[in-house]
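Source file: protein31.cif. Holds: mmCIF, C-alpha atoms.
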data_input
#
loop_
_atom_site.label_atom_id
_atom_site.label_comp_id
_atom_site.auth_asym_id
_atom_site.auth_seq_id
_atom_site.Cartn_x
_atom_site.Cartn_y
_atom_site.Cartn_z
CA MET A 998 -43.78 -82.69 15.65
CA GLU A 999 -42.41 -82.80 19.20
CA LEU A 1000 -43.98 -79.89 21.04
CA LYS A 1001 -41.32 -79.46 23.70
CA SER A 1002 -38.46 -79.29 21.20
CA LEU A 1003 -40.39 -76.75 19.09
CA VAL A 1004 -40.90 -74.55 22.15
CA GLU A 1005 -37.16 -74.62 22.85
CA LYS A 1006 -36.36 -73.77 19.22
CA ILE A 1007 -38.71 -70.78 19.37
CA LYS A 1008 -37.11 -69.61 22.62
CA ASP A 1009 -33.80 -69.66 20.75
CA GLY A 1010 -35.18 -67.43 18.00
CA TYR A 1011 -36.76 -69.85 15.51
CA ARG A 1012 -39.83 -68.58 13.63
CA ILE A 1013 -42.31 -71.26 12.63
CA ASN A 1014 -43.84 -71.34 9.16
CA ALA A 1015 -47.44 -71.85 8.01
CA GLU A 1016 -47.11 -75.63 7.72
CA GLU A 1017 -45.72 -75.96 11.24
CA ALA A 1018 -48.40 -73.67 12.62
CA LEU A 1019 -51.15 -75.70 10.97
CA ALA A 1020 -49.66 -78.91 12.37
CA LEU A 1021 -50.17 -77.50 15.88
CA CYS A 1022 -53.90 -78.14 15.37
CA ASN A 1023 -53.15 -81.86 15.79
CA GLN A 1024 -51.63 -81.37 19.24
CA PRO A 1025 -53.74 -82.18 22.33
CA LEU A 1026 -55.38 -78.91 23.35
CA GLU A 1027 -54.20 -78.82 26.95
CA GLN A 1028 -50.60 -79.52 25.96
CA LEU A 1029 -50.73 -76.93 23.20
CA CYS A 1030 -52.15 -74.27 25.51
CA SER A 1031 -49.63 -75.06 28.23
CA ALA A 1032 -46.77 -74.75 25.74
CA ALA A 1033 -48.15 -71.44 24.44
CA ASN A 1034 -48.39 -70.13 27.99
CA GLU A 1035 -44.76 -71.16 28.55
CA LEU A 1036 -43.75 -69.10 25.50
CA ARG A 1037 -45.78 -66.15 26.76
CA GLN A 1038 -44.09 -66.33 30.14
CA HIS A 1039 -40.62 -66.66 28.58
CA PHE A 1040 -40.95 -63.71 26.20
CA CYS A 1041 -43.33 -61.36 28.03
CA GLY A 1042 -43.36 -62.39 31.68
CA ASN A 1043 -46.59 -61.56 33.48
CA ALA A 1044 -47.11 -58.17 31.82
CA PHE A 1045 -50.65 -57.72 30.53
CA ASP A 1046 -51.54 -54.98 28.05
CA ILE A 1047 -55.09 -53.86 28.82
CA CYS A 1048 -56.68 -51.13 26.71
CA THR A 1049 -60.06 -49.47 26.38
CA ILE A 1050 -61.79 -47.86 23.42
CA VAL A 1051 -64.25 -45.07 22.78
CA ASN A 1052 -66.60 -45.13 19.82
CA GLY A 1053 -65.63 -41.69 18.51
CA LYS A 1054 -67.92 -41.77 15.46
CA SER A 1055 -70.66 -44.31 14.91
CA GLY A 1056 -72.59 -45.74 11.98
CA HIS A 1057 -73.23 -44.64 8.38
CA CYS A 1058 -70.10 -46.47 7.21
CA SER A 1059 -69.60 -46.59 3.44
CA GLU A 1060 -67.91 -50.00 3.57
CA ASN A 1061 -69.73 -53.34 3.23
CA CYS A 1062 -67.82 -55.52 5.74
CA LYS A 1063 -70.29 -58.35 6.31
CA TYR A 1064 -69.75 -58.61 10.08
CA CYS A 1065 -70.25 -54.94 10.92
CA ALA A 1066 -73.27 -53.34 12.57
CA GLN A 1067 -72.07 -49.89 11.48
CA SER A 1068 -72.17 -50.54 7.73
CA ALA A 1069 -74.72 -48.46 5.84
CA PHE A 1070 -75.39 -51.54 3.68
CA TYR A 1071 -77.26 -53.32 6.49
CA LYS A 1072 -80.25 -52.56 8.68
CA THR A 1073 -79.11 -52.86 12.29
CA GLU A 1074 -79.99 -51.22 15.59
CA VAL A 1075 -76.65 -49.46 15.97
CA GLU A 1076 -76.62 -45.87 17.25
CA THR A 1077 -75.33 -43.32 14.75
CA TYR A 1078 -73.59 -40.01 15.47
CA PRO A 1079 -70.75 -37.82 14.08
CA LEU A 1080 -67.36 -37.22 15.71
CA LEU A 1081 -67.58 -36.83 19.47
CA PRO A 1082 -66.40 -33.49 20.87
CA THR A 1083 -62.95 -33.35 22.46
CA GLU A 1084 -64.46 -32.78 25.90
CA GLU A 1085 -66.35 -36.08 25.79
CA ILE A 1086 -63.36 -38.06 24.49
CA VAL A 1087 -61.12 -36.60 27.19
CA ALA A 1088 -63.67 -37.26 29.95
CA HIS A 1089 -63.85 -40.89 28.87
CA GLY A 1090 -60.05 -41.07 28.77
CA LYS A 1091 -59.76 -39.64 32.27
CA TYR A 1092 -62.26 -42.20 33.54
CA ASN A 1093 -60.08 -45.02 32.19
CA ASP A 1094 -56.83 -43.42 33.31
CA ASP A 1095 -58.16 -43.10 36.87
CA ARG A 1096 -58.89 -46.86 36.90
CA GLY A 1097 -55.37 -47.86 35.95
CA VAL A 1098 -55.85 -48.43 32.23
CA LEU A 1099 -52.61 -47.62 30.39
CA ARG A 1100 -53.82 -47.55 26.78
CA TYR A 1101 -56.85 -45.84 25.24
CA SER A 1102 -58.00 -45.91 21.62
CA ILE A 1103 -60.34 -43.60 19.74
CA VAL A 1104 -62.20 -45.62 17.09
CA THR A 1105 -64.27 -44.12 14.27
CA SER A 1106 -66.55 -45.61 11.66
CA GLY A 1107 -66.08 -45.08 7.93
CA ARG A 1108 -63.49 -45.82 5.28
CA ALA A 1109 -61.24 -43.00 6.49
CA LEU A 1110 -61.47 -39.70 8.33
CA SER A 1111 -61.27 -36.57 6.22
CA ASP A 1112 -58.40 -34.10 6.68
CA ALA A 1113 -60.71 -31.83 8.68
CA GLU A 1114 -61.76 -34.73 10.91
CA VAL A 1115 -58.13 -35.72 11.42
CA ASP A 1116 -57.38 -32.17 12.54
CA ARG A 1117 -60.24 -32.36 15.05
CA MET A 1118 -58.95 -35.69 16.36
CA CYS A 1119 -55.47 -34.20 16.71
CA GLU A 1120 -57.01 -31.68 19.10
CA SER A 1121 -58.51 -34.54 21.10
CA VAL A 1122 -55.21 -36.44 21.18
CA ARG A 1123 -53.31 -33.35 22.35
CA ALA A 1124 -55.88 -32.78 25.10
CA LEU A 1125 -55.64 -36.40 26.23
CA ARG A 1126 -51.85 -36.23 26.39
CA LYS A 1127 -52.05 -33.00 28.38
CA GLU A 1128 -54.68 -34.12 30.86
CA THR A 1129 -53.93 -37.84 31.32
CA GLY A 1130 -50.97 -40.19 31.47
CA ILE A 1131 -52.62 -42.70 29.16
CA ALA A 1132 -51.07 -43.91 25.88
CA VAL A 1133 -53.31 -42.83 22.98
CA CYS A 1134 -54.09 -45.11 20.04
CA VAL A 1135 -56.24 -44.34 17.01
CA SER A 1136 -58.39 -46.40 14.65
CA PHE A 1137 -59.37 -44.00 11.86
CA GLY A 1138 -59.47 -46.24 8.80
CA LEU A 1139 -57.39 -46.07 5.64
CA LEU A 1140 -55.44 -42.89 6.30
CA LYS A 1141 -52.44 -41.59 4.36
CA GLU A 1142 -48.95 -41.21 5.77
CA GLU A 1143 -49.25 -37.42 6.14
CA GLN A 1144 -52.46 -37.85 8.13
CA PHE A 1145 -50.83 -40.37 10.43
CA ALA A 1146 -47.87 -38.00 10.81
CA LYS A 1147 -50.19 -35.28 12.11
CA LEU A 1148 -51.53 -37.68 14.70
CA VAL A 1149 -48.01 -38.66 15.76
CA GLN A 1150 -47.14 -34.99 16.22
CA ALA A 1151 -50.27 -34.63 18.36
CA GLY A 1152 -49.10 -37.49 20.61
CA ALA A 1153 -50.73 -40.68 19.31
CA VAL A 1154 -48.42 -43.70 19.55
CA ARG A 1155 -50.26 -46.52 17.84
CA ALA A 1156 -52.66 -47.06 14.94
CA HIS A 1157 -55.15 -49.90 14.83
CA ASN A 1158 -56.17 -51.40 11.49
CA ASN A 1159 -57.32 -55.01 11.43
CA LEU A 1160 -56.43 -57.20 8.47
CA GLU A 1161 -59.59 -59.14 9.49
CA THR A 1162 -58.70 -62.38 7.66
CA SER A 1163 -56.30 -63.76 5.07
CA ARG A 1164 -55.57 -62.11 1.74
CA ARG A 1165 -57.29 -65.06 0.03
CA ASN A 1166 -60.46 -64.80 2.11
CA PHE A 1167 -60.77 -61.02 2.31
CA PRO A 1168 -62.94 -60.59 -0.84
CA ASN A 1169 -65.52 -62.88 0.79
CA ILE A 1170 -65.73 -60.45 3.72
CA CYS A 1171 -65.58 -57.04 2.05
CA THR A 1172 -65.54 -55.70 -1.52
CA THR A 1173 -65.55 -51.91 -1.00
CA HIS A 1174 -61.85 -51.95 -0.09
CA SER A 1175 -59.13 -54.56 -0.43
CA PHE A 1176 -56.62 -56.43 1.68
CA GLU A 1177 -53.93 -54.45 -0.12
CA ASP A 1178 -55.63 -51.21 1.00
CA LYS A 1179 -55.30 -52.46 4.58
CA VAL A 1180 -51.62 -53.28 4.15
CA ALA A 1181 -50.96 -49.88 2.58
CA ALA A 1182 -52.56 -48.09 5.54
CA ILE A 1183 -50.53 -50.15 8.01
CA GLN A 1184 -47.32 -49.31 6.17
CA ALA A 1185 -48.31 -45.63 6.01
CA ALA A 1186 -48.79 -45.57 9.80
CA GLN A 1187 -45.43 -47.24 10.32
CA ALA A 1188 -43.72 -44.81 7.95
CA ALA A 1189 -45.16 -41.96 10.02
CA GLY A 1190 -43.57 -43.44 13.14
CA MET A 1191 -46.50 -45.32 14.65
CA GLN A 1192 -46.72 -48.77 16.12
CA VAL A 1193 -49.53 -50.85 14.65
CA CYS A 1194 -52.17 -53.11 16.18
CA SER A 1195 -53.65 -55.48 13.59
CA GLY A 1196 -55.47 -58.79 13.83
CA GLY A 1197 -58.85 -60.06 12.80
CA ILE A 1198 -62.18 -61.67 13.51
CA MET A 1199 -62.59 -65.39 14.12
CA GLY A 1200 -65.83 -67.04 13.02
CA LEU A 1201 -66.41 -65.38 9.64
CA GLY A 1202 -66.34 -68.74 7.88
CA GLU A 1203 -62.56 -68.72 7.51
CA THR A 1204 -60.30 -71.76 7.78
CA MET A 1205 -57.42 -72.23 10.18
CA GLU A 1206 -55.14 -71.67 7.19
CA ASP A 1207 -56.76 -68.25 6.73
CA ARG A 1208 -56.16 -67.37 10.37
CA ILE A 1209 -52.54 -68.42 10.19
CA ASP A 1210 -51.96 -66.56 6.92
CA MET A 1211 -53.42 -63.41 8.47
CA VAL A 1212 -50.99 -63.57 11.39
CA LEU A 1213 -48.07 -64.37 9.10
CA THR A 1214 -48.88 -61.22 7.13
CA ALA A 1215 -48.97 -59.22 10.36
CA ARG A 1216 -45.64 -60.77 11.36
CA GLU A 1217 -44.09 -59.86 8.01
CA LEU A 1218 -45.26 -56.27 8.56
CA GLY A 1219 -43.58 -56.19 11.98
CA VAL A 1220 -46.84 -56.02 13.93
CA LYS A 1221 -46.59 -57.17 17.55
CA SER A 1222 -50.12 -56.46 18.80
CA ILE A 1223 -52.67 -58.93 17.43
CA PRO A 1224 -56.34 -58.39 18.34
CA VAL A 1225 -58.30 -61.65 18.29
CA ASN A 1226 -62.00 -60.91 17.92
CA MET A 1227 -64.65 -63.60 18.20
CA LEU A 1228 -67.55 -62.83 15.88
CA ASN A 1229 -70.65 -61.63 17.69
CA PRO A 1230 -73.29 -62.30 15.02
CA ILE A 1231 -75.24 -59.04 14.74
CA PRO A 1232 -78.89 -59.19 13.58
CA GLY A 1233 -79.25 -57.47 10.23
CA THR A 1234 -75.74 -58.30 9.01
CA PRO A 1235 -74.98 -61.11 6.51
CA TYR A 1236 -73.28 -63.05 9.31
CA GLU A 1237 -76.16 -62.86 11.78
CA HIS A 1238 -76.62 -66.65 11.67
CA ASN A 1239 -72.95 -67.64 11.87
CA LYS A 1240 -72.20 -70.18 14.56
CA LYS A 1241 -70.37 -68.77 17.57
CA LEU A 1242 -66.96 -70.27 18.28
CA THR A 1243 -66.40 -72.20 21.49
CA VAL A 1244 -63.96 -71.34 24.25
CA ASP A 1245 -61.80 -74.32 23.26
CA GLU A 1246 -61.69 -73.12 19.65
CA MET A 1247 -60.57 -69.69 20.85
CA ARG A 1248 -57.97 -71.25 23.14
CA GLN A 1249 -56.50 -73.17 20.22
CA ILE A 1250 -56.44 -70.04 18.07
CA VAL A 1251 -54.66 -67.84 20.61
CA ALA A 1252 -52.20 -70.63 21.41
CA ILE A 1253 -51.23 -71.01 17.75
CA PHE A 1254 -50.95 -67.23 17.38
CA ARG A 1255 -48.56 -67.22 20.36
CA PHE A 1256 -46.36 -69.74 18.56
CA LEU A 1257 -46.36 -67.48 15.49
CA ILE A 1258 -45.56 -64.25 17.36
CA PRO A 1259 -44.07 -65.43 20.67
CA ASP A 1260 -43.08 -61.96 21.91
CA GLY A 1261 -46.30 -60.20 20.91
CA ALA A 1262 -49.44 -59.00 22.62
CA ILE A 1263 -52.11 -61.55 21.68
CA ARG A 1264 -55.14 -59.40 22.48
CA LEU A 1265 -58.65 -60.73 23.12
CA ALA A 1266 -60.99 -58.11 21.74
CA GLY A 1267 -64.60 -58.06 20.52
CA GLY A 1268 -66.77 -61.04 21.42
CA ARG A 1269 -64.91 -61.90 24.61
CA GLY A 1270 -68.08 -61.26 26.59
CA LEU A 1271 -69.73 -64.17 24.75
CA MET A 1272 -67.39 -66.59 26.53
CA PRO A 1273 -68.77 -67.86 29.84
CA ASP A 1274 -65.36 -67.35 31.48
CA LYS A 1275 -64.83 -63.90 29.86
CA GLY A 1276 -61.54 -65.08 28.39
CA ARG A 1277 -59.89 -66.49 31.52
CA ALA A 1278 -58.94 -69.79 29.85
CA CYS A 1279 -57.47 -67.93 26.86
CA PHE A 1280 -55.35 -65.85 29.24
CA GLN A 1281 -53.86 -69.17 30.38
CA SER A 1282 -53.34 -70.32 26.79
CA GLY A 1283 -51.05 -67.66 25.36
CA ALA A 1284 -53.16 -64.48 25.30
CA ASN A 1285 -51.70 -61.60 27.31
CA ALA A 1286 -53.69 -58.52 26.30
CA ALA A 1287 -57.31 -57.46 26.06
CA ILE A 1288 -59.74 -54.69 25.27
CA SER A 1289 -61.75 -53.94 28.38
CA GLY A 1290 -64.92 -51.96 28.94
CA ASP A 1291 -67.62 -51.53 26.32
CA MET A 1292 -66.94 -52.56 22.74
CA LEU A 1293 -67.97 -50.45 19.74
CA THR A 1294 -71.56 -51.64 19.36
CA THR A 1295 -71.88 -54.36 22.01
CA ALA A 1296 -71.49 -54.42 25.79
CA GLY A 1297 -68.08 -55.46 27.06
CA ILE A 1298 -66.64 -56.38 30.46
CA THR A 1299 -65.99 -53.77 33.14
CA ILE A 1300 -62.45 -52.63 33.86
CA GLU A 1301 -62.86 -53.59 37.51
CA GLN A 1302 -63.90 -57.15 36.60
CA ASP A 1303 -60.92 -57.53 34.30
CA LEU A 1304 -58.37 -56.13 36.74
CA THR A 1305 -59.65 -58.52 39.41
CA MET A 1306 -59.37 -61.49 37.07
CA LEU A 1307 -55.89 -60.52 35.91
CA ALA A 1308 -54.68 -60.22 39.50
CA GLU A 1309 -56.07 -63.68 40.23
CA LEU A 1310 -54.12 -65.04 37.25
CA GLY A 1311 -50.88 -63.41 38.40
CA TYR A 1312 -50.73 -60.69 35.73
CA HIS A 1313 -49.90 -57.02 36.20
CA PRO A 1314 -51.01 -54.22 33.82
CA ALA A 1315 -48.18 -52.96 31.60
CA LEU A 1316 -47.64 -51.55 28.14
CA LEU A 1317 -46.25 -54.04 25.63
CA GLY A 1318 -44.51 -52.62 22.58
CA ASP A 1319 -42.23 -49.72 21.74
CA ASP A 1320 -44.02 -47.45 24.20
CA ALA A 1321 -43.36 -49.82 27.10
CA GLU A 1322 -40.19 -48.00 28.11
#
Please express the file's structure as structure tokens.
Amino acid sequence: MELKSLVEKIKDGYRINAEEALALCNQPLEQLCSAANELRQHFCGNAFDICTIVNGKSGHCSENCKYCAQSAFYKTEVETYPLLPTEEIVAHGKYNDDRGVLRYSIVTSGRALSDAEVDRMCESVRALRKETGIAVCVSFGLLKEEQFAKLVQAGAVRAHNNLETSRRNFPNICTTHSFEDKVAAIQAAQAAGMQVCSGGIMGLGETMEDRIDMVLTARELGVKSIPVNMLNPIPGTPYEHNKKLTVDEMRQIVAIFRFLIPDGAIRLAGGRGLMPDKGRACFQSGANAAISGDMLTTAGITIEQDLTMLAELGYHPALLGDDAE
């Protein structure tokens, strides 16, 4: 494969397949990352979609995802609490809004929020939309279309629901819900009028084929925001002894994802703080979005640190997606 000619084909609208994506692994890393950055620049310019999250409900999760500190199946040190009150969620949103963050997501543990919990979160979303200028995203699990529709009416613009890995590999990660359950929830959110953010975790023991298949599924679903988490092995979980990926492995992953979805937001998410450079090299290898601030159960990187780094790299904060208008 000639890398330069493939880049030009993609610029002209060509969509690579799984075989071509896998072949990119054989390209010299620096050339691959440079080509991915060229695609990022061509399709997205220097816009960078930075978002923050609040852990709106923590722990006691009924699902057995092997990577997760919040699962009730494992003994971890994670803090547990029910839904946060609207006042606390709004205060956190204002804090981020005042610092120039354009997107803010409320994330809750559990398989899915109940109807009563969804109604409470609608109150929080309405308050955020009234008191801030921030775009509100939600990560509430395997909701139904009518529940997503309520959240849209309240002012939420995007739902997050990670596929986590490939369809083939998913049963090795979780058995209390299925890959198909994930897809159904994504389609329900889209049917309700929401954008969707969906990616996965790298370092679960998956192959590069699994990673590529995950992104191809997201592409087929029309997803343009792809979170790329690097596993932070949490003591007490089945994956506590998994080997951490290297910066170069993450650079290769985000570069290949850029080739697969050239006009998307390739978003570094959980685990970025494990990288000595906090993701800087990945932001020069095709990634153009990130979650900033604290993660769900692990410390993240401050908004101020990220904004300084992005300015040094020539980026400017902007929304990427349908709400970018």
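Nearest to Val1154 in chain A of all the residues A:Val1115, A:Val1193, A:Val1180, A:Ala1185 is A:Val1193, counting all atoms listed in the file.
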Open item on the list: Would you compute the distance between CA of Gly1268 in chain A and CA of Asn1043 in chain A? Give it in Å to one decimal.
Closed with: 23.5 Å
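Between CA of Asp1274 in chain A and CA of Leu1242 in chain A lies a distance of 13.6 Å.
Reported to one decimal place, the separation of CA of Gly1097 in chain A from CA of Leu1304 in chain A is 8.8 Å.
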Open item on the list: For the PyMOL selection byres ((chain A and resi 1050-1056) around 9), applied here, can you spell out every residue it catches as a VMD selection string?
Closed with: chain A and resid 1048 to 1049 1057 to 1058 1066 to 1069 1075 to 1082 1086 1089 to 1090 1100 to 1107 1134 1288 to 1294
Those residues with C-alpha atoms, as an mmCIF file, keeping the file's coordinate frame please?
data_model
loop_
_atom_site.group_PDB
_atom_site.id
_atom_site.type_symbol
_atom_site.label_atom_id
_atom_site.label_comp_id
_atom_site.auth_asym_id
_atom_site.auth_seq_id
_atom_site.Cartn_x
_atom_site.Cartn_y
_atom_site.Cartn_z
ATOM 1 C CA CYS A 1048 -56.680 -51.130 26.710
ATOM 2 C CA THR A 1049 -60.060 -49.470 26.380
ATOM 3 C CA HIS A 1057 -73.230 -44.640 8.380
ATOM 4 C CA CYS A 1058 -70.100 -46.470 7.210
ATOM 5 C CA ALA A 1066 -73.270 -53.340 12.570
ATOM 6 C CA GLN A 1067 -72.070 -49.890 11.480
ATOM 7 C CA SER A 1068 -72.170 -50.540 7.730
ATOM 8 C CA ALA A 1069 -74.720 -48.460 5.840
ATOM 9 C CA VAL A 1075 -76.650 -49.460 15.970
ATOM 10 C CA GLU A 1076 -76.620 -45.870 17.250
ATOM 11 C CA THR A 1077 -75.330 -43.320 14.750
ATOM 12 C CA TYR A 1078 -73.590 -40.010 15.470
ATOM 13 C CA PRO A 1079 -70.750 -37.820 14.080
ATOM 14 C CA LEU A 1080 -67.360 -37.220 15.710
ATOM 15 C CA LEU A 1081 -67.580 -36.830 19.470
ATOM 16 C CA PRO A 1082 -66.400 -33.490 20.870
ATOM 17 C CA ILE A 1086 -63.360 -38.060 24.490
ATOM 18 C CA HIS A 1089 -63.850 -40.890 28.870
ATOM 19 C CA GLY A 1090 -60.050 -41.070 28.770
ATOM 20 C CA ARG A 1100 -53.820 -47.550 26.780
ATOM 21 C CA TYR A 1101 -56.850 -45.840 25.240
ATOM 22 C CA SER A 1102 -58.000 -45.910 21.620
ATOM 23 C CA ILE A 1103 -60.340 -43.600 19.740
ATOM 24 C CA VAL A 1104 -62.200 -45.620 17.090
ATOM 25 C CA THR A 1105 -64.270 -44.120 14.270
ATOM 26 C CA SER A 1106 -66.550 -45.610 11.660
ATOM 27 C CA GLY A 1107 -66.080 -45.080 7.930
ATOM 28 C CA CYS A 1134 -54.090 -45.110 20.040
ATOM 29 C CA ILE A 1288 -59.740 -54.690 25.270
ATOM 30 C CA SER A 1289 -61.750 -53.940 28.380
ATOM 31 C CA GLY A 1290 -64.920 -51.960 28.940
ATOM 32 C CA ASP A 1291 -67.620 -51.530 26.320
ATOM 33 C CA MET A 1292 -66.940 -52.560 22.740
ATOM 34 C CA LEU A 1293 -67.970 -50.450 19.740
ATOM 35 C CA THR A 1294 -71.560 -51.640 19.360
#
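Using all atoms listed in the file, the smallest distance between any of A:Ile1253, A:Ser1136, A:Asp1095, A:Gln1150 and Glu1120 in chain A comes from A:Gln1150.
Residue neighbourhood of Ala1032 in chain A, excluding near-sequence residues (fewer than 4 positions): Leu1000, Lys1001, Val1004, Glu1027, Gln1028, Leu1036, Arg1037, Ala1252, Phe1256, Ser1282 and Gly1283 of chain A, at 9 Å, using all atoms listed in the file.
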